[in-house]
Amino acid sequence: MKRKFMAITAAALALSMLSSTAAFAAEWGKTGGKWFYYLDDGSVAKNTWIRTEATETAGATAYWVNSDGTMAATQWVNDGNAWYYVDGGGTILTNQMLIQNNGSDSYWLLEDGKMAVSSWIQDPEGKWYYFQDNGKALKNGWKTVDGEEFYFLKSGALAVDALVPGGGRVDAQGRRMK
């Protein structure tokens, strides 16, 4: 009986060693100075958002992993539906102005992180901006939006109820007064 028990135990041990599979849990890992997100099956996530849950100390956020599996950082991301921007820590930026190229380009990132396109946006200070199809704010002079003329300052803010450089006047909605 003891001999049969030992034989069964040895066979079970051998089978368990031969058929062992690694157990994985979805988590971030750093290799060679770059962050990767490992899925439950041990593979690396690619071309997708990794979303975190809100905690007591931090809100929910999203991180993008590139086609090579590395976490995106300090770059624009296109997920096929829209453009987003992630900071140096890989966090998606939301509800704010992003200024690039030494101030020559301004973009607005919506509450969900999408880049605003073909949109009027009012910032927290009450200033209005218009973001074109390419996401850039209109700037520097008279521009036509939806068939009406508006004057935009160097910052991209809409001039309102004012005389504007070069002559002309805009009303309280920023439209050219005739």
# chains A, B, ... in the order shown; residues from 1 in each chain; ligands from 1
$ residues_around --residues "A:Phe150" --least-positions-apart "4" --cutoff "10 Å" --atoms "only C-alpha atoms" --output "number ranges by chain"
A: 130, 138, 141-145, 158-160, 169-171, 173-177
$ closest_atom_pairs --of "stretch 87-145 of chain A" --to "stretch 25-48 of chain A" --cutoff "12 Å" --atoms "only C-alpha atoms" --output "Markdown table"
| residue | atom | partner | partner_atom | distance |
| --- | --- | --- | --- | --- |
| A:Gly88 | CA | A:Trp35 | CA | 12.0 |
| A:Gly89 | CA | A:Trp35 | CA | 10.1 |
| A:Gly90 | CA | A:Trp35 | CA | 9.5 |
$ write_last_selection --atoms "all heavy atoms" --output "PDB file, in the first residue's frame"
ATOM      1  N   GLY A  88       4.305  63.206 -19.765  1.00  0.00           N
ATOM      2  CA  GLY A  88       5.518  62.427 -19.551  1.00  0.00           C
ATOM      3  C   GLY A  88       5.337  61.198 -18.688  1.00  0.00           C
ATOM      4  O   GLY A  88       6.095  60.244 -18.797  1.00  0.00           O
ATOM      5  N   GLY A  89       4.316  61.203 -17.839  1.00  0.00           N
ATOM      6  CA  GLY A  89       4.016  60.044 -17.005  1.00  0.00           C
ATOM      7  C   GLY A  89       3.030  59.092 -17.655  1.00  0.00           C
ATOM      8  O   GLY A  89       2.602  58.121 -17.051  1.00  0.00           O
ATOM      9  N   GLY A  90       2.641  59.407 -18.907  1.00  0.00           N
ATOM     10  CA  GLY A  90       1.713  58.553 -19.641  1.00  0.00           C
ATOM     11  C   GLY A  90       0.248  58.840 -19.384  1.00  0.00           C
ATOM     12  O   GLY A  90      -0.623  58.211 -19.960  1.00  0.00           O
TER      13      GLY A  90
END
$ closest_residue --among "A:Met71, A:Tyr63, A:Gly167, A:Ala116" --to "A:Leu98" --atoms "only C-alpha atoms"
A:Ala116
$ closest_residue --among "A:Ala82, A:Ile99, A:Ala162, A:Leu153" --to "A:Asp133" --atoms "only C-alpha atoms"
A:Ala82
$ atom_distance --atom1 "atom CA of A:Ser106" --atom2 "atom CA of A:Gln122"
13.7 Å
$ residues_around --residues "A:Trp76" --least-positions-apart "6" --cutoff "7 Å" --atoms "only C-alpha atoms" --output "PyMOL selection string"
chain A and resi 83-86
$ write_last_selection --atoms "all heavy atoms" --output "PDB file, in the first residue's frame"
ATOM      1  N   TRP A  83      -7.926  62.145 -31.541  1.00  0.00           N
ATOM      2  CA  TRP A  83      -6.574  62.412 -31.064  1.00  0.00           C
ATOM      3  C   TRP A  83      -6.617  62.759 -29.582  1.00  0.00           C
ATOM      4  O   TRP A  83      -7.523  63.454 -29.124  1.00  0.00           O
ATOM      5  CB  TRP A  83      -5.953  63.563 -31.835  1.00  0.00           C
ATOM      6  CG  TRP A  83      -5.520  63.177 -33.211  1.00  0.00           C
ATOM      7  CD1 TRP A  83      -6.224  63.333 -34.367  1.00  0.00           C
ATOM      8  CD2 TRP A  83      -4.290  62.550 -33.574  1.00  0.00           C
ATOM      9  NE1 TRP A  83      -5.507  62.840 -35.432  1.00  0.00           N
ATOM     10  CE2 TRP A  83      -4.314  62.349 -34.973  1.00  0.00           C
ATOM     11  CE3 TRP A  83      -3.174  62.136 -32.859  1.00  0.00           C
ATOM     12  CZ2 TRP A  83      -3.256  61.764 -35.660  1.00  0.00           C
ATOM     13  CZ3 TRP A  83      -2.123  61.547 -33.551  1.00  0.00           C
ATOM     14  CH2 TRP A  83      -2.166  61.378 -34.934  1.00  0.00           C
ATOM     15  N   TYR A  84      -5.615  62.302 -28.854  1.00  0.00           N
ATOM     16  CA  TYR A  84      -5.457  62.535 -27.425  1.00  0.00           C
ATOM     17  C   TYR A  84      -3.995  62.911 -27.188  1.00  0.00           C
ATOM     18  O   TYR A  84      -3.136  62.606 -28.013  1.00  0.00           O
ATOM     19  CB  TYR A  84      -5.755  61.273 -26.616  1.00  0.00           C
ATOM     20  CG  TYR A  84      -7.136  60.717 -26.827  1.00  0.00           C
ATOM     21  CD1 TYR A  84      -7.428  59.916 -27.933  1.00  0.00           C
ATOM     22  CD2 TYR A  84      -8.155  60.982 -25.921  1.00  0.00           C
ATOM     23  CE1 TYR A  84      -8.704  59.410 -28.127  1.00  0.00           C
ATOM     24  CE2 TYR A  84      -9.426  60.473 -26.103  1.00  0.00           C
ATOM     25  CZ  TYR A  84      -9.698  59.690 -27.214  1.00  0.00           C
ATOM     26  OH  TYR A  84     -10.958  59.185 -27.397  1.00  0.00           O
ATOM     27  N   TYR A  85      -3.715  63.514 -26.028  1.00  0.00           N
ATOM     28  CA  TYR A  85      -2.323  63.793 -25.679  1.00  0.00           C
ATOM     29  C   TYR A  85      -2.050  63.213 -24.294  1.00  0.00           C
ATOM     30  O   TYR A  85      -2.846  63.374 -23.382  1.00  0.00           O
ATOM     31  CB  TYR A  85      -2.039  65.303 -25.659  1.00  0.00           C
ATOM     32  CG  TYR A  85      -0.558  65.592 -25.597  1.00  0.00           C
ATOM     33  CD1 TYR A  85       0.211  65.576 -26.754  1.00  0.00           C
ATOM     34  CD2 TYR A  85       0.067  65.820 -24.383  1.00  0.00           C
ATOM     35  CE1 TYR A  85       1.574  65.795 -26.700  1.00  0.00           C
ATOM     36  CE2 TYR A  85       1.433  66.037 -24.322  1.00  0.00           C
ATOM     37  CZ  TYR A  85       2.181  66.029 -25.480  1.00  0.00           C
ATOM     38  OH  TYR A  85       3.540  66.239 -25.428  1.00  0.00           O
ATOM     39  N   VAL A  86      -0.890  62.536 -24.179  1.00  0.00           N
ATOM     40  CA  VAL A  86      -0.479  61.984 -22.897  1.00  0.00           C
ATOM     41  C   VAL A  86       0.799  62.681 -22.442  1.00  0.00           C
ATOM     42  O   VAL A  86       1.662  63.013 -23.257  1.00  0.00           O
ATOM     43  CB  VAL A  86      -0.290  60.449 -22.945  1.00  0.00           C
ATOM     44  CG1 VAL A  86      -1.610  59.747 -23.182  1.00  0.00           C
ATOM     45  CG2 VAL A  86       0.724  60.046 -23.992  1.00  0.00           C
TER      46      VAL A  86
END
$ atom_distance --atom1 "atom CA of A:Gln100" --atom2 "atom CA of A:Asp161"
28.6 Å
$ closest_residue --among "A:Asp79, A:Arg51, A:Ser155, A:Asp146" --to "A:Asn102" --atoms "only C-alpha atoms"
A:Ser155
$ select_by_dssp --residues "chain A" --states "strand (DSSP E)" --output "ChimeraX atom specification"
/A:27-31,34-38,48-51,62-65,75-78,83-86,96-100,105-109,119-122,128-131,141-145,148-152,162-163,169-170
$ closest_residue --among "A:Tyr107, A:Ile121, A:Lys178, A:Ala72" --to "A:Glu148" --atoms "only C-alpha atoms"
A:Lys178
$ select_by_dssp --residues "chain A" --states "alpha helix (DSSP H)" --output "PyMOL selection string"
chain A and resi 2-18
$ write_last_selection --atoms "N, CA and C atoms" --output "PDB file, in the first residue's frame"
ATOM      1  N   LYS A   2       1.922   1.215   0.865  1.00  0.00           N
ATOM      2  CA  LYS A   2       2.820   2.350   0.942  1.00  0.00           C
ATOM      3  C   LYS A   2       3.539   2.546  -0.381  1.00  0.00           C
ATOM      4  N   ARG A   3       3.888   1.449  -1.008  1.00  0.00           N
ATOM      5  CA  ARG A   3       4.584   1.496  -2.291  1.00  0.00           C
ATOM      6  C   ARG A   3       3.680   2.073  -3.366  1.00  0.00           C
ATOM      7  N   LYS A   4       2.403   1.718  -3.368  1.00  0.00           N
ATOM      8  CA  LYS A   4       1.428   2.217  -4.348  1.00  0.00           C
ATOM      9  C   LYS A   4       1.210   3.727  -4.136  1.00  0.00           C
ATOM     10  N   PHE A   5       1.142   4.139  -2.873  1.00  0.00           N
ATOM     11  CA  PHE A   5       0.977   5.555  -2.545  1.00  0.00           C
ATOM     12  C   PHE A   5       2.166   6.354  -3.060  1.00  0.00           C
ATOM     13  N   MET A   6       3.384   5.848  -2.852  1.00  0.00           N
ATOM     14  CA  MET A   6       4.592   6.524  -3.314  1.00  0.00           C
ATOM     15  C   MET A   6       4.605   6.620  -4.834  1.00  0.00           C
ATOM     16  N   ALA A   7       4.175   5.558  -5.516  1.00  0.00           N
ATOM     17  CA  ALA A   7       4.159   5.562  -6.982  1.00  0.00           C
ATOM     18  C   ALA A   7       3.150   6.588  -7.497  1.00  0.00           C
ATOM     19  N   ILE A   8       1.988   6.673  -6.883  1.00  0.00           N
ATOM     20  CA  ILE A   8       0.962   7.630  -7.293  1.00  0.00           C
ATOM     21  C   ILE A   8       1.435   9.058  -7.020  1.00  0.00           C
ATOM     22  N   THR A   9       2.050   9.274  -5.873  1.00  0.00           N
ATOM     23  CA  THR A   9       2.562  10.597  -5.521  1.00  0.00           C
ATOM     24  C   THR A   9       3.650  11.025  -6.497  1.00  0.00           C
ATOM     25  N   ALA A  10       4.568  10.113  -6.831  1.00  0.00           N
ATOM     26  CA  ALA A  10       5.645  10.421  -7.773  1.00  0.00           C
ATOM     27  C   ALA A  10       5.079  10.731  -9.147  1.00  0.00           C
ATOM     28  N   ALA A  11       4.074   9.958  -9.584  1.00  0.00           N
ATOM     29  CA  ALA A  11       3.459  10.197 -10.895  1.00  0.00           C
ATOM     30  C   ALA A  11       2.740  11.544 -10.912  1.00  0.00           C
ATOM     31  N   ALA A  12       2.038  11.848  -9.833  1.00  0.00           N
ATOM     32  CA  ALA A  12       1.329  13.133  -9.756  1.00  0.00           C
ATOM     33  C   ALA A  12       2.306  14.294  -9.781  1.00  0.00           C
ATOM     34  N   LEU A  13       3.420  14.150  -9.066  1.00  0.00           N
ATOM     35  CA  LEU A  13       4.444  15.193  -9.045  1.00  0.00           C
ATOM     36  C   LEU A  13       5.038  15.381 -10.436  1.00  0.00           C
ATOM     37  N   ALA A  14       5.349  14.289 -11.113  1.00  0.00           N
ATOM     38  CA  ALA A  14       5.922  14.368 -12.460  1.00  0.00           C
ATOM     39  C   ALA A  14       4.937  15.024 -13.423  1.00  0.00           C
ATOM     40  N   LEU A  15       3.691  14.622 -13.364  1.00  0.00           N
ATOM     41  CA  LEU A  15       2.677  15.225 -14.244  1.00  0.00           C
ATOM     42  C   LEU A  15       2.489  16.714 -13.960  1.00  0.00           C
ATOM     43  N   SER A  16       2.507  17.075 -12.698  1.00  0.00           N
ATOM     44  CA  SER A  16       2.321  18.491 -12.371  1.00  0.00           C
ATOM     45  C   SER A  16       3.492  19.318 -12.867  1.00  0.00           C
ATOM     46  N   MET A  17       4.690  18.759 -12.833  1.00  0.00           N
ATOM     47  CA  MET A  17       5.851  19.486 -13.331  1.00  0.00           C
ATOM     48  C   MET A  17       5.812  19.601 -14.846  1.00  0.00           C
ATOM     49  N   LEU A  18       5.359  18.566 -15.521  1.00  0.00           N
ATOM     50  CA  LEU A  18       5.295  18.584 -16.982  1.00  0.00           C
ATOM     51  C   LEU A  18       4.188  19.487 -17.502  1.00  0.00           C
TER      52      LEU A  18
END
$ decode --residues "stretch 66-90 of chain A" --atoms "N, CA, C and O atoms" --output "mmCIF file, in the first residue's frame"
data_model
loop_
_atom_site.group_PDB
_atom_site.id
_atom_site.type_symbol
_atom_site.label_atom_id
_atom_site.label_comp_id
_atom_site.auth_asym_id
_atom_site.auth_seq_id
_atom_site.Cartn_x
_atom_site.Cartn_y
_atom_site.Cartn_z
ATOM 1 N N ASN A 66 1.550 51.723 -27.036
ATOM 2 C CA ASN A 66 1.850 51.807 -28.466
ATOM 3 C C ASN A 66 1.880 50.432 -29.129
ATOM 4 O O ASN A 66 1.771 49.408 -28.462
ATOM 5 N N SER A 67 2.107 50.435 -30.435
ATOM 6 C CA SER A 67 2.134 49.186 -31.202
ATOM 7 C C SER A 67 3.288 48.277 -30.793
ATOM 8 O O SER A 67 3.223 47.071 -31.001
ATOM 9 N N ASP A 68 4.344 48.848 -30.193
ATOM 10 C CA ASP A 68 5.445 48.005 -29.713
ATOM 11 C C ASP A 68 5.244 47.569 -28.261
ATOM 12 O O ASP A 68 6.107 46.941 -27.664
ATOM 13 N N GLY A 69 4.108 47.939 -27.673
ATOM 14 C CA GLY A 69 3.777 47.544 -26.309
ATOM 15 C C GLY A 69 4.236 48.523 -25.247
ATOM 16 O O GLY A 69 3.892 48.367 -24.082
ATOM 17 N N THR A 70 5.008 49.546 -25.621
ATOM 18 C CA THR A 70 5.478 50.522 -24.632
ATOM 19 C C THR A 70 4.376 51.523 -24.308
ATOM 20 O O THR A 70 3.552 51.858 -25.152
ATOM 21 N N MET A 71 4.393 51.990 -23.056
ATOM 22 C CA MET A 71 3.431 53.008 -22.649
ATOM 23 C C MET A 71 3.782 54.319 -23.354
ATOM 24 O O MET A 71 4.930 54.744 -23.375
ATOM 25 N N ALA A 72 2.784 54.967 -23.940
ATOM 26 C CA ALA A 72 2.986 56.257 -24.599
ATOM 27 C C ALA A 72 3.278 57.320 -23.551
ATOM 28 O O ALA A 72 2.690 57.311 -22.469
ATOM 29 N N ALA A 73 4.194 58.233 -23.870
ATOM 30 C CA ALA A 73 4.527 59.334 -22.970
ATOM 31 C C ALA A 73 4.950 60.544 -23.792
ATOM 32 O O ALA A 73 5.668 60.407 -24.780
ATOM 33 N N THR A 74 4.445 61.719 -23.393
ATOM 34 C CA THR A 74 4.750 62.992 -24.042
ATOM 35 C C THR A 74 4.532 62.891 -25.553
ATOM 36 O O THR A 74 5.418 63.182 -26.343
ATOM 37 N N GLN A 75 3.332 62.498 -25.935
ATOM 38 C CA GLN A 75 3.045 62.346 -27.357
ATOM 39 C C GLN A 75 1.551 62.376 -27.633
ATOM 40 O O GLN A 75 0.725 62.169 -26.749
ATOM 41 N N TRP A 76 1.237 62.661 -28.914
ATOM 42 C CA TRP A 76 -0.131 62.553 -29.395
ATOM 43 C C TRP A 76 -0.433 61.089 -29.649
ATOM 44 O O TRP A 76 0.431 60.329 -30.087
ATOM 45 N N VAL A 77 -1.680 60.706 -29.382
ATOM 46 C CA VAL A 77 -2.139 59.332 -29.589
ATOM 47 C C VAL A 77 -3.420 59.381 -30.424
ATOM 48 O O VAL A 77 -4.326 60.151 -30.119
ATOM 49 N N ASN A 78 -3.476 58.569 -31.470
ATOM 50 C CA ASN A 78 -4.696 58.439 -32.253
ATOM 51 C C ASN A 78 -5.185 57.012 -32.095
ATOM 52 O O ASN A 78 -4.499 56.069 -32.474
ATOM 53 N N ASP A 79 -6.378 56.863 -31.526
ATOM 54 C CA ASP A 79 -6.911 55.512 -31.319
ATOM 55 C C ASP A 79 -7.868 55.100 -32.425
ATOM 56 O O ASP A 79 -8.603 54.138 -32.284
ATOM 57 N N GLY A 80 -7.861 55.842 -33.536
ATOM 58 C CA GLY A 80 -8.748 55.537 -34.654
ATOM 59 C C GLY A 80 -10.005 56.370 -34.642
ATOM 60 O O GLY A 80 -10.642 56.564 -35.666
ATOM 61 N N ASN A 81 -10.393 56.873 -33.481
ATOM 62 C CA ASN A 81 -11.599 57.688 -33.359
ATOM 63 C C ASN A 81 -11.292 59.158 -33.118
ATOM 64 O O ASN A 81 -12.063 60.021 -33.507
ATOM 65 N N ALA A 82 -10.187 59.440 -32.446
ATOM 66 C CA ALA A 82 -9.856 60.816 -32.082
ATOM 67 C C ALA A 82 -8.390 60.902 -31.689
ATOM 68 O O ALA A 82 -7.719 59.889 -31.502
ATOM 69 N N TRP A 83 -7.926 62.145 -31.541
ATOM 70 C CA TRP A 83 -6.574 62.412 -31.064
ATOM 71 C C TRP A 83 -6.617 62.759 -29.582
ATOM 72 O O TRP A 83 -7.523 63.454 -29.124
ATOM 73 N N TYR A 84 -5.615 62.302 -28.854
ATOM 74 C CA TYR A 84 -5.457 62.535 -27.425
ATOM 75 C C TYR A 84 -3.995 62.911 -27.188
ATOM 76 O O TYR A 84 -3.136 62.606 -28.013
ATOM 77 N N TYR A 85 -3.715 63.514 -26.028
ATOM 78 C CA TYR A 85 -2.323 63.793 -25.679
ATOM 79 C C TYR A 85 -2.050 63.213 -24.294
ATOM 80 O O TYR A 85 -2.846 63.374 -23.382
ATOM 81 N N VAL A 86 -0.890 62.536 -24.179
ATOM 82 C CA VAL A 86 -0.479 61.984 -22.897
ATOM 83 C C VAL A 86 0.799 62.681 -22.442
ATOM 84 O O VAL A 86 1.662 63.013 -23.257
ATOM 85 N N ASP A 87 0.905 62.920 -21.141
ATOM 86 C CA ASP A 87 2.056 63.632 -20.586
ATOM 87 C C ASP A 87 3.237 62.687 -20.382
ATOM 88 O O ASP A 87 3.181 61.510 -20.739
ATOM 89 N N GLY A 88 4.305 63.206 -19.765
ATOM 90 C CA GLY A 88 5.518 62.427 -19.551
ATOM 91 C C GLY A 88 5.337 61.198 -18.688
ATOM 92 O O GLY A 88 6.095 60.244 -18.797
ATOM 93 N N GLY A 89 4.316 61.203 -17.839
ATOM 94 C CA GLY A 89 4.016 60.044 -17.005
ATOM 95 C C GLY A 89 3.030 59.092 -17.655
ATOM 96 O O GLY A 89 2.602 58.121 -17.051
ATOM 97 N N GLY A 90 2.641 59.407 -18.907
ATOM 98 C CA GLY A 90 1.713 58.553 -19.641
ATOM 99 C C GLY A 90 0.248 58.840 -19.384
ATOM 100 O O GLY A 90 -0.623 58.211 -19.960
#
